[in-house]
Each structure stands twice: as C-alpha cells, then as structure tokens.
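Novice: Starting off with a structure, shown below.
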Amino acid sequence: MTLEISLEPLTRAAAAATPPLLDGRAVAAALRAQLAAAVERLAGRGHRPTLALVRVGDDEASEIYVRFKVRACRELGIRSIHRHFEADVDRDSFLDELDDIVAREDVDGVLVQLPLPPHLPEEEVIERIEPGKDVDGFHPLNLGRLMAGRARLEPCTPRGIMTLLRAADVLPLGRRAVVIGRSRIVGRPMAQMLMRADATVTVCHRHTRDLEAEVRRAEILVVATGVAGLVPGSWIREGAVVIDVGITRLEDGSLGGDVEFERARDRASRITPVPGGVGPMTVATLMENTVRAAATRAGFTPQEPLTIAP
Ligand code: NAD
C-alpha cells in the first residue's frame, strides 16, 4: 500500500516562473497543496496526522518559528499539539513529560524547538524522540541512516533544498557543489544529500583557507553560515545555482542572507532570495516529514511511504 504524492507538475511550474529567482514560497505552496491531498487521504482512512511541538523558555525566535509551524499544520489539516515549558523546568520532569508525549498513540511526529537552555542537553533530548516520530530528522539513527543511504525522516532544510533543486530541474549529477557551513542540521546533511545525488561536494567552514577560490569553482553553491553578506556577488561563478540558507536581522530591521544578493543575481542562473527562499521550504518539508511519519504509522509502505516523483 503506497501513498503517492507527485511533485509534478505543480512545483516545477512554480520554480520555472521567475528565473533567475528561485521562489521558495511558490514551490513550498505547491508542495503544501500536494501534502494537503495526502492528509485528506490519510484522514479518510481514520488517521489524521498529528504533530507535537515542544518549546522551552521565552526565546523570541523560537516562539515565532513554532507559530509558523502551527499555522502550516492548520492550513494542511494536520492536527498540532503545542506544549510550552518554563525556561527553568526541572530536567527530569521535562524528560518524563517528553517521554509521555513521544509515547502517545495519537502523536505521529514530535519536534523539540531548538535551542534549549543549557541544563537540557540537546543530544540527550533528541535521543528521547522515537526515530519514527523524529520529524526534524536529527536523531542519531536517522542521521546514521542518511549516511548509509537514505533515512525515512531527513533534516528539513537540506531535504527542502533538494526538493527546490529538483523542482528547478537542477541536476547535481557530476556538478561541483560547494557547501559553506558544516552544522549538524544544515551543512553536513546537505553535503550527504548532494553526494547521494552524484555531485562532487566540497564542504567549507570557518577554518577554510581560501573561501573565494572554493566559491569561484562552485556550480551549485549552498551557503549556511549566518554571517550576513559573507559571499560577495563577484565570487559567484557565471551560471551557478546559489542557495542562500542564512537569515540575519540587519541593522535597518530587514532580513539578509549570507550572499550579497543584488550582485550575485546578475551572475547566477538561479538564486534563492532571503526571505522567501529556503525558509518556506524548511517548513513545508517539516509538514512532508509529518505526513511521512503518519503514513508509515498508518500502515503505508514503510520504506518510502510517499513516492515523490521523479
Ligand atoms: P551554525 O552556527 O550551527 O553553523 C554555522 C556554520 O558556518 C559553521 O559550520 C561554521 O564553521 C560556518 N562559518 C561561520 N563563519 C564562517 C566563515 N566566516 N567562513 C566560512 N564558514 C563559516 O548555523 P546553522 O544552524 O547551520 O545555520 C546557519 C544559518 O542558516 C543561520 O543564519 C540560520 O539562521 C540559518 N538557517 C536557516 C534555515 C531556514 O530554514 N532558512 C534553517 C536553518 C538555519
């Protein structure tokens, strides 16, 4: 029993609309439309997907992110449960309650919004989430499976970027891909996924000696550092595909990416804006992971519950 969701032709049409801009908002909307149909199919079989969102403390950005995620669930017909803990919550009672949430029969996916206060070590918390409900894809088993080939649930940002590339007909095979940033949630899994897609991948980070030389070689460039304007537009190789993951609040209150957008746009064949590029894809992919987790629990094909074409 499989649950098929074809990304075609909706996401492709969305991606093709505005070159060189790669409009993550439009592609994410197309993906969400496909997911909404899958949610209704699951609900029709008596299984409405349910996502539990856990937040600790009063970090403003975390509060905003959780609000976005709740809204995305609502739009798709996914049920969401939001549990908020005080910043000084006792470690043992937090973990006990998290265990209870994870164990709930009606919960398909569990997400603990990061960062956490120092007395709640992230590694330990993430490992309490059952791998089949780990919709962020951060559990070591899911990350290990990603290394081994393919995980059922993969980190949302890099997976969303792969969806974006596919929608834009960017084939990584044989291309020289450069990933700047090596975090566990973006850079590292991104490099794995690009390698899996047959790109030749270079990973750069804060100790990379000649970043400019690496960037100038990149046919596909993914930048995920959080250093606003780190990559000048003049470094971009003519015709490169540029994916800007970074989000920084600038002095004038606007949001900026890691790439100098205006000049990079003149050289790139495709480029994601900030905001409106990778961010919407991350949230839509979280929804995709939630539907995947729910479909697996509802008895659809465990290996690949959603067949995303092509
Ligand atoms: P992180 O701080 O965990 O990692 C940053 C990485 O950048 C590190 O590997 C570091 O070595 C590298 N780096 C820092 N300065 C550098 C420099 N000068 N030269 C080369 N490399 C450098 O960050 P993260 O969690 O991976 O997030 C990165 C950025 O992406 C942040 O702005 C974050 O807000 C954003 N982000 C966006 C989304 C989204 O959905 N759009 C999702 C996750 C993260």
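Scheme for the structure tokens: letters A, B, ... for chains in order shown; per-chain residue numbers from 1; ligand numbers from 1 in order shown.
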Select the residues contacting ligand 1 at a distance of at most 8 Å, based on only C-alpha atoms and all ligand atoms, then format the selection as a PyMOL selection string.
Specialist: chain A and resi 156-157+180-187+204-208+211+223-228+230+244-248+257-258+275+277-283
Novice: Could you write out the selected residues, including C-alpha atoms, as a short mmCIF file (atom, residue, chain, number, x, y, z; two decimals), in the first residue's frame?
Specialist:
data_model
loop_
_atom_site.label_atom_id
_atom_site.label_comp_id
_atom_site.auth_asym_id
_atom_site.auth_seq_id
_atom_site.Cartn_x
_atom_site.Cartn_y
_atom_site.Cartn_z
CA CYS A 156 14.07 19.52 6.78
CA THR A 157 16.28 22.33 5.49
CA ILE A 180 29.63 26.54 3.25
CA GLY A 181 28.78 25.59 6.84
CA ARG A 182 29.06 22.17 8.47
CA SER A 183 26.35 22.22 11.12
CA ARG A 184 24.56 19.02 12.05
CA ILE A 185 21.21 20.44 10.91
CA VAL A 186 22.17 22.03 7.59
CA GLY A 187 25.70 21.77 6.20
CA CYS A 204 33.81 24.74 3.71
CA HIS A 205 33.70 26.18 7.22
CA ARG A 206 35.22 28.88 9.37
CA HIS A 207 38.73 27.40 9.03
CA THR A 208 38.66 27.07 5.23
CA LEU A 211 36.92 30.54 0.60
CA VAL A 223 25.69 28.88 1.97
CA ALA A 224 24.58 28.25 5.55
CA THR A 225 26.68 30.25 8.00
CA GLY A 226 24.54 33.03 9.47
CA VAL A 227 27.27 35.54 8.51
CA ALA A 228 25.40 38.26 6.61
CA LEU A 230 29.79 36.55 3.69
CA ASP A 244 21.26 31.03 0.49
CA VAL A 245 20.22 29.45 3.79
CA GLY A 246 21.42 32.18 6.15
CA ILE A 247 18.99 34.53 7.84
CA THR A 248 20.27 37.56 9.75
CA GLY A 257 21.21 36.28 3.69
CA ASP A 258 24.81 35.08 3.59
CA PRO A 275 13.44 35.87 2.86
CA GLY A 277 13.77 31.12 -0.48
CA VAL A 278 14.86 28.28 1.78
CA GLY A 279 12.75 29.24 4.83
CA PRO A 280 9.35 28.33 3.36
CA MET A 281 10.81 25.07 2.02
CA THR A 282 12.00 24.12 5.51
CA VAL A 283 8.52 24.48 6.98
#
Novice: Identify which of the residues A:Asp198, A:Leu22, A:Arg265, A:Ala295 lies closest to Glu40 of chain A, counting only C-alpha atoms when measuring atom-to-atom distances.
Specialist: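 Result for the nearest residue to Glu40 of chain A: A:Ala295.
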Novice: Which polymer residues have any atom within 10 Å of an atom of Leu10 of chain A, counting only C-alpha atoms, with same-chain residues fewer than 3 positions away left out, as a PyMOL selection string?
Specialist: chain A and resi 6-7+13-15+26-27+29-31+33-34+167
Novice: Let me see the file: selected residues, N, CA, C and O atoms, as a PDB file, in the first residue's frame.
Specialist:
ATOM      1  N   SER A   6       2.874  13.213  -6.164  1.00  0.00           N
ATOM      2  CA  SER A   6       3.756  13.645  -7.234  1.00  0.00           C
ATOM      3  C   SER A   6       4.008  15.129  -7.078  1.00  0.00           C
ATOM      4  O   SER A   6       3.081  15.909  -6.908  1.00  0.00           O
ATOM      5  N   LEU A   7       5.290  15.498  -7.123  1.00  0.00           N
ATOM      6  CA  LEU A   7       5.602  16.921  -7.043  1.00  0.00           C
ATOM      7  C   LEU A   7       5.356  17.609  -8.376  1.00  0.00           C
ATOM      8  O   LEU A   7       5.387  18.820  -8.481  1.00  0.00           O
ATOM      9  N   ALA A  13       6.283  24.079 -12.177  1.00  0.00           N
ATOM     10  CA  ALA A  13       5.706  25.302 -12.731  1.00  0.00           C
ATOM     11  C   ALA A  13       6.060  26.480 -11.819  1.00  0.00           C
ATOM     12  O   ALA A  13       6.433  27.556 -12.282  1.00  0.00           O
ATOM     13  N   ALA A  14       5.989  26.244 -10.518  1.00  0.00           N
ATOM     14  CA  ALA A  14       6.296  27.315  -9.569  1.00  0.00           C
ATOM     15  C   ALA A  14       7.760  27.725  -9.681  1.00  0.00           C
ATOM     16  O   ALA A  14       8.093  28.912  -9.659  1.00  0.00           O
ATOM     17  N   ALA A  15       8.644  26.729  -9.821  1.00  0.00           N
ATOM     18  CA  ALA A  15      10.079  27.036  -9.885  1.00  0.00           C
ATOM     19  C   ALA A  15      10.450  27.697 -11.197  1.00  0.00           C
ATOM     20  O   ALA A  15      11.377  28.498 -11.260  1.00  0.00           O
ATOM     21  N   ALA A  26       6.731  29.972  -3.624  1.00  0.00           N
ATOM     22  CA  ALA A  26       5.835  29.380  -4.618  1.00  0.00           C
ATOM     23  C   ALA A  26       5.997  27.853  -4.648  1.00  0.00           C
ATOM     24  O   ALA A  26       5.003  27.117  -4.705  1.00  0.00           O
ATOM     25  N   VAL A  27       7.247  27.384  -4.593  1.00  0.00           N
ATOM     26  CA  VAL A  27       7.470  25.930  -4.633  1.00  0.00           C
ATOM     27  C   VAL A  27       6.905  25.286  -3.367  1.00  0.00           C
ATOM     28  O   VAL A  27       6.268  24.225  -3.415  1.00  0.00           O
ATOM     29  N   ALA A  29       4.425  26.365  -1.605  1.00  0.00           N
ATOM     30  CA  ALA A  29       2.954  26.366  -1.692  1.00  0.00           C
ATOM     31  C   ALA A  29       2.482  25.187  -2.540  1.00  0.00           C
ATOM     32  O   ALA A  29       1.492  24.522  -2.204  1.00  0.00           O
ATOM     33  N   ALA A  30       3.204  24.910  -3.621  1.00  0.00           N
ATOM     34  CA  ALA A  30       2.837  23.775  -4.478  1.00  0.00           C
ATOM     35  C   ALA A  30       3.013  22.451  -3.722  1.00  0.00           C
ATOM     36  O   ALA A  30       2.174  21.551  -3.815  1.00  0.00           O
ATOM     37  N   LEU A  31       4.101  22.361  -2.959  1.00  0.00           N
ATOM     38  CA  LEU A  31       4.327  21.147  -2.168  1.00  0.00           C
ATOM     39  C   LEU A  31       3.228  20.976  -1.118  1.00  0.00           C
ATOM     40  O   LEU A  31       2.681  19.882  -0.921  1.00  0.00           O
ATOM     41  N   ALA A  33       0.204  22.035  -1.265  1.00  0.00           N
ATOM     42  CA  ALA A  33      -1.063  21.637  -1.903  1.00  0.00           C
ATOM     43  C   ALA A  33      -1.092  20.123  -2.103  1.00  0.00           C
ATOM     44  O   ALA A  33      -2.123  19.470  -1.882  1.00  0.00           O
ATOM     45  N   GLN A  34       0.047  19.553  -2.500  1.00  0.00           N
ATOM     46  CA  GLN A  34       0.121  18.098  -2.674  1.00  0.00           C
ATOM     47  C   GLN A  34      -0.044  17.387  -1.324  1.00  0.00           C
ATOM     48  O   GLN A  34      -0.716  16.370  -1.219  1.00  0.00           O
ATOM     49  N   ALA A 167      12.758  20.703  -8.345  1.00  0.00           N
ATOM     50  CA  ALA A 167      11.669  21.465  -8.964  1.00  0.00           C
ATOM     51  C   ALA A 167      12.217  22.393 -10.047  1.00  0.00           C
ATOM     52  O   ALA A 167      11.558  22.648 -11.049  1.00  0.00           O
TER      53      ALA A 167
END
Novice: Quick one: which segment 121-211 of chain A residues come within 12 Å of segment 51-61 of chain A, and what is the nearest atom pair for each with the distance in Å to one decimal, counting only C-alpha atoms, rows ordered by chain and ascending number, as a tab-separated table?
Specialist:
residue	atom	partner	partner_atom	distance
A:Glu122	CA	A:Val56	CA	11.8
A:Val125	CA	A:Val54	CA	11.0
A:Ile126	CA	A:Val54	CA	11.5
A:Ile129	CA	A:Ala52	CA	11.2
A:Lys133	CA	A:Leu51	CA	8.9
A:Asp134	CA	A:Leu51	CA	10.2
A:Val135	CA	A:Leu51	CA	8.6
A:Asp136	CA	A:Leu53	CA	10.9
Novice: Just all heavy atoms for this one: save the residues we selected as a compact mmCIF listing (two decimals), in the first residue's frame.
Specialist:
# COMPACT_ATOMS: atom_id res chain seq x y z
N GLU A 122 20.94 19.11 24.30
CA GLU A 122 20.19 18.82 23.07
C GLU A 122 20.30 17.36 22.64
O GLU A 122 19.30 16.74 22.27
CB GLU A 122 20.67 19.73 21.93
CG GLU A 122 20.15 21.15 22.07
CD GLU A 122 20.59 22.10 20.97
OE1 GLU A 122 21.17 21.65 19.96
OE2 GLU A 122 20.34 23.30 21.12
N VAL A 125 18.09 15.14 24.68
CA VAL A 125 16.68 15.37 24.41
C VAL A 125 16.29 14.75 23.08
O VAL A 125 15.27 14.05 22.96
CB VAL A 125 16.38 16.89 24.45
CG1 VAL A 125 14.97 17.18 23.94
CG2 VAL A 125 16.57 17.44 25.86
N ILE A 126 17.11 14.99 22.06
CA ILE A 126 16.79 14.46 20.72
C ILE A 126 16.73 12.93 20.74
O ILE A 126 15.89 12.32 20.09
CB ILE A 126 17.83 14.97 19.69
CG1 ILE A 126 17.61 16.47 19.43
CG2 ILE A 126 17.77 14.20 18.39
CD1 ILE A 126 18.74 17.16 18.71
N ILE A 129 13.43 11.10 21.44
CA ILE A 129 12.35 11.06 20.45
C ILE A 129 12.48 9.77 19.65
O ILE A 129 13.57 9.45 19.15
CB ILE A 129 12.44 12.29 19.50
CG1 ILE A 129 12.31 13.58 20.33
CG2 ILE A 129 11.35 12.23 18.43
CD1 ILE A 129 12.55 14.85 19.53
N LYS A 133 9.21 9.04 14.85
CA LYS A 133 8.44 10.28 15.08
C LYS A 133 9.33 11.52 15.01
O LYS A 133 8.87 12.63 15.26
CB LYS A 133 7.75 10.21 16.46
CG LYS A 133 6.72 9.10 16.57
CD LYS A 133 5.94 9.18 17.88
CE LYS A 133 4.87 8.09 17.93
NZ LYS A 133 4.00 8.22 19.13
N ASP A 134 10.59 11.31 14.67
CA ASP A 134 11.59 12.39 14.68
C ASP A 134 11.50 13.21 13.40
O ASP A 134 12.32 13.08 12.48
CB ASP A 134 12.98 11.74 14.85
CG ASP A 134 14.12 12.69 14.56
OD1 ASP A 134 14.03 13.86 14.95
OD2 ASP A 134 15.09 12.24 13.92
N VAL A 135 10.49 14.08 13.32
CA VAL A 135 10.21 14.81 12.07
C VAL A 135 11.27 15.86 11.73
O VAL A 135 11.31 16.34 10.60
CB VAL A 135 8.81 15.45 12.11
CG1 VAL A 135 7.74 14.39 11.94
CG2 VAL A 135 8.60 16.25 13.39
N ASP A 136 12.13 16.20 12.69
CA ASP A 136 13.26 17.09 12.37
C ASP A 136 14.40 16.30 11.71
O ASP A 136 15.30 16.90 11.13
CB ASP A 136 13.79 17.75 13.65
CG ASP A 136 13.33 19.20 13.80
OD1 ASP A 136 12.96 19.81 12.78
OD2 ASP A 136 13.37 19.71 14.94
Novice: Between A:Val170, A:Val222, A:Ile236, A:Val242, which has the minimum distance to Arg267 of chain A (counting only C-alpha atoms)?
Specialist: A:Ile236
Novice: Write down as a PyMOL selection string the residues belonging to segment 62-283 of chain A that are assigned strand (DSSP E or B) by DSSP computed on the backbone.
Specialist: chain A and resi 79-85+109-112+134+176-180+200-204+220-223+231+241-244+248-249+255-256+259+270-271
Novice: Pick from A:Asp88, A:Glu105, A:Asp99, A:Glu288: nearest to Leu120 of chain A, with only C-alpha atoms counted?
Specialist: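 Distance minimum relative to Leu120 of chain A lands on A:Asp88.
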Novice: Would you kindly return, as an NGL selection string, each protein, DNA or RNA residue with an atom no farther than 10 Å from any atom of Ala148 of chain A, considering only C-alpha atoms and excluding same-chain residues fewer than 6 positions away?
Specialist: :A and (142 or 192 or 196)
Novice: Can you measure atom CA of Arg176 of chain A to atom CA of Gly149 of chain A for me? One decimal in Å is fine.
Specialist: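 Taking atom CA of Arg176 of chain A as the start and atom CA of Gly149 of chain A as the end point, the length is 20.2 Å.
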Novice: Name all residues at most 7 Å from Val201 of chain A (count only C-alpha atoms; drop same-chain ones fewer than 3 positions away) and give them as a VMD selection string.
Specialist: chain A and resid 176 to 178 191 194 to 195
Novice: Based on the selection just made, write N, CA and C atoms of those residues as a compact mmCIF listing (two decimals), in the first residue's frame.
Specialist:
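The result, written out as result-v7.txt:
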# COMPACT_ATOMS: atom_id res chain seq x y z
N ARG A 176 29.99 20.33 -9.63
CA ARG A 176 30.83 20.69 -8.49
C ARG A 176 29.98 21.49 -7.51
N ALA A 177 29.68 20.89 -6.37
CA ALA A 177 28.84 21.57 -5.36
C ALA A 177 29.71 22.00 -4.19
N VAL A 178 29.51 23.21 -3.73
CA VAL A 178 30.23 23.70 -2.56
C VAL A 178 29.20 24.06 -1.48
N ALA A 191 25.57 18.17 2.50
CA ALA A 191 26.67 17.57 1.75
C ALA A 191 26.37 16.10 1.43
N LEU A 194 23.73 15.94 -1.41
CA LEU A 194 24.29 16.30 -2.71
C LEU A 194 25.20 15.19 -3.22
N MET A 195 25.94 14.57 -2.30
CA MET A 195 26.80 13.45 -2.69
C MET A 195 25.96 12.28 -3.19
Novice: Considering only C-alpha atoms, state which residue in the set A:Glu260, A:Glu127, A:Glu86, A:Asp169 is at the smallest distance from Val102 of chain A.
Specialist: A:Glu127
Novice: Find, counting only C-alpha atoms, the residue in A:Leu3, A:Pro9, A:Thr290, A:Val259 that gets nearest to Arg152 of chain A.
Specialist: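 Closest to Arg152 of chain A of all the choices is A:Thr290.
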Novice: Can you list, as a PyMOL selection string, all residues belonging to segment 76-293 of chain A that DSSP tags as helix (DSSP H, G or I)?
Specialist: chain A and resi 76+91-103+122-127+131-133+140-148+156-167+187-196+211-217+233-235+261-267+278-293
Novice: Would you mind reading off the distance between atom CA of Arg249 of chain A and atom CA of Ala17 of chain A, one decimal, in Å?
Specialist: 28.0 Å
